[in-house]
Amino acid sequence: MPNFTIEKSVKLLVSLILSSLPVFAAAQGWLPFPVGGMFFVFLLAACFWIFEVIPGHATSLLVILSEILLFSNPGKWEILQTFSRPGQKSPPPSVFLASIADSAVILFLGSFALAKACVKVGVDRWLANRVLPRFGDSPKYVLMGLMLVTAGISLWMSNTATTSLMIALVFPLLQILPKEENFRKAILIGIPFAANLGGIGTPIGSPPNIIAFASLKNQGYGAEISFGTWMLVAIPLLLLLLFFAWFWIVRAFPASSGLRLTLQFGETERSDSKRNLRFVLGTFFLTVVLWFSESFHGIPAGVVAILPLLVFTAAGILDSGDIRSLEWDVLILVAGGIALGTGIEKSGAGEWFGTLIGSQAGPNESFWVLGIFFSVGLFLSTFLSNTATANLLVPLALPVAALLLPGNEAYAIQLVLGSALGASLAMSLPVSTPPNAVAYAVGGFEIKDMAKIGIRIGVLGLVSVLIGFFLFG
């Protein structure tokens with residue numbers, strides 16, 4: 001097999017051994033066979049995502065295929081009949097294939113098209129030129145402006161792309177500043193952190209968000225969680241964390257005395273480019289308004305997301321090359337998380353796991369269970385892809401919530417959001433998030449510089465979520 005080294009072979013063997021344990025337990029009568037089969041798929045996906053035996057999106061496809069073979073058994077193989085739930089009809093393969101075209105995946109696809117068009121016509125420069133001058137030339141306030149612009153863009157597009165864009169915009173400034181200027185570190189750390197934090201503000205801001213959003217929608221919480229309600233919860237947390245991130249960064253990496261910064265980015269003067277800019281901005285604002293007013297017009301956010309995709313391709317803003325360059329691997333990775341949630345529900349593994357947790361923790365421990373899910377997400381995502389972390393935690397959160405506080409929809413939403421937020425707020429290492437890796441690749445700071453700010457943000461996020469649960473739960 002191409003590029004399959006001895007190290008990867010060992011990781012594959014370890015993955016297969018670990019993931020086979022639930023099947024062995026089922027064979028011994030310790031687990032129902034459908035539950036053992038689902039936890040085989042779950043552990044296999046977890047090991048493959050952790051060890052990176054194959055690409056993450058390939059693991060997601062493996063999840064979908066495995067669930068179809070085990071629980072739909074389209075070939076009617078007798079050896080797989082034991083994985084069917086007693087007294088229930090096997091779900092058709094389309095139940096698991098639907099994850100690829102889930103409305104949340106389409107929502108993410110539409111957001112990618114929106115972001116691609118905005119970058120192509122220069123919305124980032126247009127926005128920066130209208131926001132940054134208002135912060136003057138004091139370095140610490142220029143950094144505040146940069147972080148606000150970065151977080152604002154990251155609400156609507158990939159935080160990785162946002163970081164790349166913003167670092168490209170300020171790169172001339174980084175070249176002008178002396179190598180020994182401490183404030184260079186503030187800029188290089190502030191931009192990726194702002195992009196990471198901006199990603200929590202909307203359902204389309206990051207893959208963990210869309211996985212949580214899809215999970216809640218698919219489990220019947222659509223009336224309780226909409227695009228607007230997500231932002232109502234997430235934006236205050238985003239602003240709080242963004243302020244403290246800025247405060248800690250300027251304290252840790254103060255600018256030299258007398259340093260003044262002025263940022264101005266070139267914009268095109270061509271009339272056709274200006275028309276395209278206005279057209280994209282108009283479509284952008286119309287899409288956002290429709291997302292916000294879902295409860296009024298009744299059109300799901302995933303359906304609204306088709307609008308920019310249709311309009312930009314029809315108008316020629318995006319060509320076939322642009323469509324091919326969209327992050328299809330991320331969409332497949334997200335679909336794998338949705339498929340895991342479907343499999344956990346259809347196999348009965350969620351009910352079994354929820355009962356197991358519920359027998360160890362009653363309603364009085366629900367507060368601490370939220371802290372545990374957030375903390376585990378924070379820890380795993382420090383070393384793992386935040387998408388893979390959310391894929392593993394979010395499907396388990398709903399059955400646990402249902403057993404701890406039956407019928408309490410608010411707690412179910414909080415536990416799912418807590419899992420996703422924990423995965424999104426891990427940013428203490430360059431490997432924790434792609435934006436961190438992009439900034440670290442530029443050079444100019446050490447890992448410990450990033451870690452001392454990132455750890456504080458993660459802890460503050462955990463405390464803020466628990467206080468919010470205590471006050472409003």
# chains A, B, ... in the order shown; residues from 1 in each chain; ligands from 1
$ closest_atom_pairs --of "stretch 56-168 of chain A" --to "stretch 281-299 of chain A" --cutoff "8 Å" --atoms "only C-alpha atoms" --output "Markdown table"
| residue | atom | partner | partner_atom | distance |
| --- | --- | --- | --- | --- |
| A:Leu114 | CA | A:Phe284 | CA | 6.9 |
| A:Cys118 | CA | A:Leu281 | CA | 7.7 |
| A:Val123 | CA | A:Leu281 | CA | 7.7 |
$ write_last_selection --atoms "N, CA and C atoms" --output "CSV table (one decimal), in the first residue's frame"
chain,number,residue,atom,x,y,z
A,114,LEU,N,-19.6,31.1,0.1
A,114,LEU,CA,-19.7,32.5,0.6
A,114,LEU,C,-18.3,33.1,0.9
A,118,CYS,N,-16.1,36.0,-1.1
A,118,CYS,CA,-15.7,37.2,-0.3
A,118,CYS,C,-14.2,37.4,-0.5
A,123,VAL,N,-13.3,41.3,0.0
A,123,VAL,CA,-14.1,41.8,1.1
A,123,VAL,C,-13.2,42.0,2.4
$ select_by_dssp --residues "stretch 198-285 of chain A" --states "helix (DSSP H, G or I)" --output "PyMOL selection string"
chain A and resi 198+207-218+227-252+271-285
$ residues_around --residues "A:Pro22" --least-positions-apart "5" --cutoff "12 Å" --atoms "only C-alpha atoms" --output "JSON, numbers by chain"
{"A": [16, 17, 27, 28, 29, 30, 31, 32, 33, 34, 35, 36, 37, 38, 39, 40, 41, 42, 43, 44, 349]}
$ closest_residue --among "A:Ile455, A:Val311, A:Ile338, A:Ala252" --to "A:Leu378" --atoms "only C-alpha atoms"
A:Ile455
$ closest_residue --among "A:Phe227, A:Phe71, A:Trp126, A:Phe51" --to "A:Ser273" --atoms "only C-alpha atoms"
A:Trp126
$ closest_residue --among "A:Thr162, A:Thr342, A:Ser111, A:Gln81" --to "A:Leu97" --atoms "only C-alpha atoms"
A:Thr342
$ closest_residue --among "A:Asp319, A:Arg324, A:Ser226, A:Asp329" --to "A:Ile413" --atoms "only C-alpha atoms"
A:Ser226
$ residues_around --residues "A:Leu425" --least-positions-apart "2" --cutoff "8 Å" --atoms "only C-alpha atoms" --output "list in words"
Asn196, Leu197, Leu378, Leu421, Gly422, Ala423, Met427, Ile457, Gly458 and Gly461 of chain A
$ closest_residue --among "A:Leu107, A:Cys47, A:Gly258, A:Leu62" --to "A:Leu12" --atoms "only C-alpha atoms"
A:Cys47
$ decode --residues "stretch 162-273 of chain A" --atoms "C-alpha atoms" --output "PDB file, in the first residue's frame"
ATOM      1  CA  THR A 162      -9.076  33.719   7.871  1.00  0.00           C
ATOM      2  CA  THR A 163      -5.699  33.365   9.573  1.00  0.00           C
ATOM      3  CA  SER A 164      -3.902  32.953   6.259  1.00  0.00           C
ATOM      4  CA  LEU A 165      -5.634  36.032   4.879  1.00  0.00           C
ATOM      5  CA  MET A 166      -4.945  38.253   7.884  1.00  0.00           C
ATOM      6  CA  ILE A 167      -1.312  37.198   8.194  1.00  0.00           C
ATOM      7  CA  ALA A 168      -0.874  37.877   4.466  1.00  0.00           C
ATOM      8  CA  LEU A 169      -2.389  41.332   4.998  1.00  0.00           C
ATOM      9  CA  VAL A 170      -0.049  42.237   7.872  1.00  0.00           C
ATOM     10  CA  PHE A 171       3.024  40.483   6.468  1.00  0.00           C
ATOM     11  CA  PRO A 172       4.516  43.749   5.103  1.00  0.00           C
ATOM     12  CA  LEU A 173       4.215  45.181   8.615  1.00  0.00           C
ATOM     13  CA  LEU A 174       5.964  42.136  10.090  1.00  0.00           C
ATOM     14  CA  GLN A 175       8.832  42.661   7.657  1.00  0.00           C
ATOM     15  CA  ILE A 176       9.190  46.321   8.634  1.00  0.00           C
ATOM     16  CA  LEU A 177       9.199  45.690  12.394  1.00  0.00           C
ATOM     17  CA  PRO A 178      12.630  44.887  13.854  1.00  0.00           C
ATOM     18  CA  LYS A 179      13.270  41.214  14.556  1.00  0.00           C
ATOM     19  CA  GLU A 180      13.741  41.973  18.254  1.00  0.00           C
ATOM     20  CA  GLU A 181      10.418  43.843  18.491  1.00  0.00           C
ATOM     21  CA  ASN A 182       8.355  41.973  21.091  1.00  0.00           C
ATOM     22  CA  PHE A 183       5.083  43.133  19.563  1.00  0.00           C
ATOM     23  CA  ARG A 184       5.640  40.888  16.524  1.00  0.00           C
ATOM     24  CA  LYS A 185       4.728  37.986  18.814  1.00  0.00           C
ATOM     25  CA  ALA A 186       1.533  39.763  19.844  1.00  0.00           C
ATOM     26  CA  ILE A 187       0.428  40.069  16.206  1.00  0.00           C
ATOM     27  CA  LEU A 188       1.368  36.503  15.256  1.00  0.00           C
ATOM     28  CA  ILE A 189      -0.403  35.001  18.275  1.00  0.00           C
ATOM     29  CA  GLY A 190      -3.341  37.426  18.370  1.00  0.00           C
ATOM     30  CA  ILE A 191      -4.507  36.717  14.808  1.00  0.00           C
ATOM     31  CA  PRO A 192      -4.849  32.898  15.071  1.00  0.00           C
ATOM     32  CA  PHE A 193      -6.375  33.148  18.549  1.00  0.00           C
ATOM     33  CA  ALA A 194      -8.952  35.650  17.271  1.00  0.00           C
ATOM     34  CA  ALA A 195      -9.712  33.331  14.333  1.00  0.00           C
ATOM     35  CA  ASN A 196     -10.143  30.371  16.699  1.00  0.00           C
ATOM     36  CA  LEU A 197     -12.461  32.372  18.959  1.00  0.00           C
ATOM     37  CA  GLY A 198     -14.416  33.858  16.067  1.00  0.00           C
ATOM     38  CA  GLY A 199     -15.153  30.331  14.926  1.00  0.00           C
ATOM     39  CA  ILE A 200     -17.352  29.633  17.975  1.00  0.00           C
ATOM     40  CA  GLY A 201     -19.730  32.517  17.213  1.00  0.00           C
ATOM     41  CA  THR A 202     -21.918  30.936  14.506  1.00  0.00           C
ATOM     42  CA  PRO A 203     -22.948  27.394  13.556  1.00  0.00           C
ATOM     43  CA  ILE A 204     -20.829  27.698  10.396  1.00  0.00           C
ATOM     44  CA  GLY A 205     -17.775  29.142  12.174  1.00  0.00           C
ATOM     45  CA  SER A 206     -16.003  25.812  12.640  1.00  0.00           C
ATOM     46  CA  PRO A 207     -16.570  22.081  11.992  1.00  0.00           C
ATOM     47  CA  PRO A 208     -17.283  21.276  15.701  1.00  0.00           C
ATOM     48  CA  ASN A 209     -20.106  23.820  15.605  1.00  0.00           C
ATOM     49  CA  ILE A 210     -21.714  22.306  12.544  1.00  0.00           C
ATOM     50  CA  ILE A 211     -21.430  18.807  14.023  1.00  0.00           C
ATOM     51  CA  ALA A 212     -23.177  19.972  17.205  1.00  0.00           C
ATOM     52  CA  PHE A 213     -25.768  21.936  15.198  1.00  0.00           C
ATOM     53  CA  ALA A 214     -26.536  18.908  13.019  1.00  0.00           C
ATOM     54  CA  SER A 215     -26.751  16.573  16.017  1.00  0.00           C
ATOM     55  CA  LEU A 216     -29.280  18.808  17.771  1.00  0.00           C
ATOM     56  CA  LYS A 217     -31.348  19.320  14.620  1.00  0.00           C
ATOM     57  CA  ASN A 218     -31.407  15.607  13.780  1.00  0.00           C
ATOM     58  CA  GLN A 219     -32.479  14.679  17.319  1.00  0.00           C
ATOM     59  CA  GLY A 220     -35.503  16.971  17.261  1.00  0.00           C
ATOM     60  CA  TYR A 221     -34.111  20.111  18.884  1.00  0.00           C
ATOM     61  CA  GLY A 222     -34.616  22.254  15.781  1.00  0.00           C
ATOM     62  CA  ALA A 223     -37.200  24.459  17.480  1.00  0.00           C
ATOM     63  CA  GLU A 224     -34.835  25.192  20.375  1.00  0.00           C
ATOM     64  CA  ILE A 225     -31.602  25.784  18.447  1.00  0.00           C
ATOM     65  CA  SER A 226     -31.507  28.028  15.381  1.00  0.00           C
ATOM     66  CA  PHE A 227     -28.835  30.142  13.740  1.00  0.00           C
ATOM     67  CA  GLY A 228     -29.895  33.154  15.794  1.00  0.00           C
ATOM     68  CA  THR A 229     -30.170  31.367  19.135  1.00  0.00           C
ATOM     69  CA  TRP A 230     -26.709  29.861  18.642  1.00  0.00           C
ATOM     70  CA  MET A 231     -25.255  33.345  18.187  1.00  0.00           C
ATOM     71  CA  LEU A 232     -27.229  34.658  21.152  1.00  0.00           C
ATOM     72  CA  VAL A 233     -25.416  32.124  23.346  1.00  0.00           C
ATOM     73  CA  ALA A 234     -22.000  32.121  21.667  1.00  0.00           C
ATOM     74  CA  ILE A 235     -21.331  35.795  20.889  1.00  0.00           C
ATOM     75  CA  PRO A 236     -21.181  36.962  24.550  1.00  0.00           C
ATOM     76  CA  LEU A 237     -18.738  34.131  25.308  1.00  0.00           C
ATOM     77  CA  LEU A 238     -16.738  35.030  22.195  1.00  0.00           C
ATOM     78  CA  LEU A 239     -16.475  38.706  23.181  1.00  0.00           C
ATOM     79  CA  LEU A 240     -15.461  37.847  26.750  1.00  0.00           C
ATOM     80  CA  LEU A 241     -12.730  35.448  25.654  1.00  0.00           C
ATOM     81  CA  LEU A 242     -11.557  37.772  22.879  1.00  0.00           C
ATOM     82  CA  PHE A 243     -11.153  40.664  25.309  1.00  0.00           C
ATOM     83  CA  PHE A 244      -9.133  38.615  27.787  1.00  0.00           C
ATOM     84  CA  ALA A 245      -7.038  37.097  24.990  1.00  0.00           C
ATOM     85  CA  TRP A 246      -6.173  40.620  23.785  1.00  0.00           C
ATOM     86  CA  PHE A 247      -5.487  41.788  27.351  1.00  0.00           C
ATOM     87  CA  TRP A 248      -3.184  38.846  28.151  1.00  0.00           C
ATOM     88  CA  ILE A 249      -1.358  39.133  24.825  1.00  0.00           C
ATOM     89  CA  VAL A 250      -0.579  42.862  25.140  1.00  0.00           C
ATOM     90  CA  ARG A 251       0.547  42.296  28.744  1.00  0.00           C
ATOM     91  CA  ALA A 252       2.802  39.395  27.747  1.00  0.00           C
ATOM     92  CA  PHE A 253       4.247  41.040  24.600  1.00  0.00           C
ATOM     93  CA  PRO A 254       4.175  44.829  25.045  1.00  0.00           C
ATOM     94  CA  ALA A 255       5.285  47.091  22.196  1.00  0.00           C
ATOM     95  CA  SER A 256       8.440  49.142  22.439  1.00  0.00           C
ATOM     96  CA  SER A 257       8.012  52.657  23.782  1.00  0.00           C
ATOM     97  CA  GLY A 258       7.148  55.148  21.047  1.00  0.00           C
ATOM     98  CA  LEU A 259       6.166  52.528  18.443  1.00  0.00           C
ATOM     99  CA  ARG A 260       3.302  53.630  16.196  1.00  0.00           C
ATOM    100  CA  LEU A 261       1.529  51.518  13.571  1.00  0.00           C
ATOM    101  CA  THR A 262      -0.580  52.562  10.588  1.00  0.00           C
ATOM    102  CA  LEU A 263      -2.252  49.916   8.440  1.00  0.00           C
ATOM    103  CA  GLN A 264      -3.778  50.578   5.018  1.00  0.00           C
ATOM    104  CA  PHE A 265      -4.486  47.887   2.443  1.00  0.00           C
ATOM    105  CA  GLY A 266      -4.803  48.432  -1.285  1.00  0.00           C
ATOM    106  CA  GLU A 267      -8.183  48.001  -2.970  1.00  0.00           C
ATOM    107  CA  THR A 268      -8.920  47.650  -6.655  1.00  0.00           C
ATOM    108  CA  GLU A 269     -10.160  50.700  -8.549  1.00  0.00           C
ATOM    109  CA  ARG A 270     -11.703  48.812 -11.474  1.00  0.00           C
ATOM    110  CA  SER A 271     -15.437  49.443 -11.873  1.00  0.00           C
ATOM    111  CA  ASP A 272     -16.262  45.806 -12.652  1.00  0.00           C
ATOM    112  CA  SER A 273     -14.434  44.694  -9.496  1.00  0.00           C
TER     113      SER A 273
END
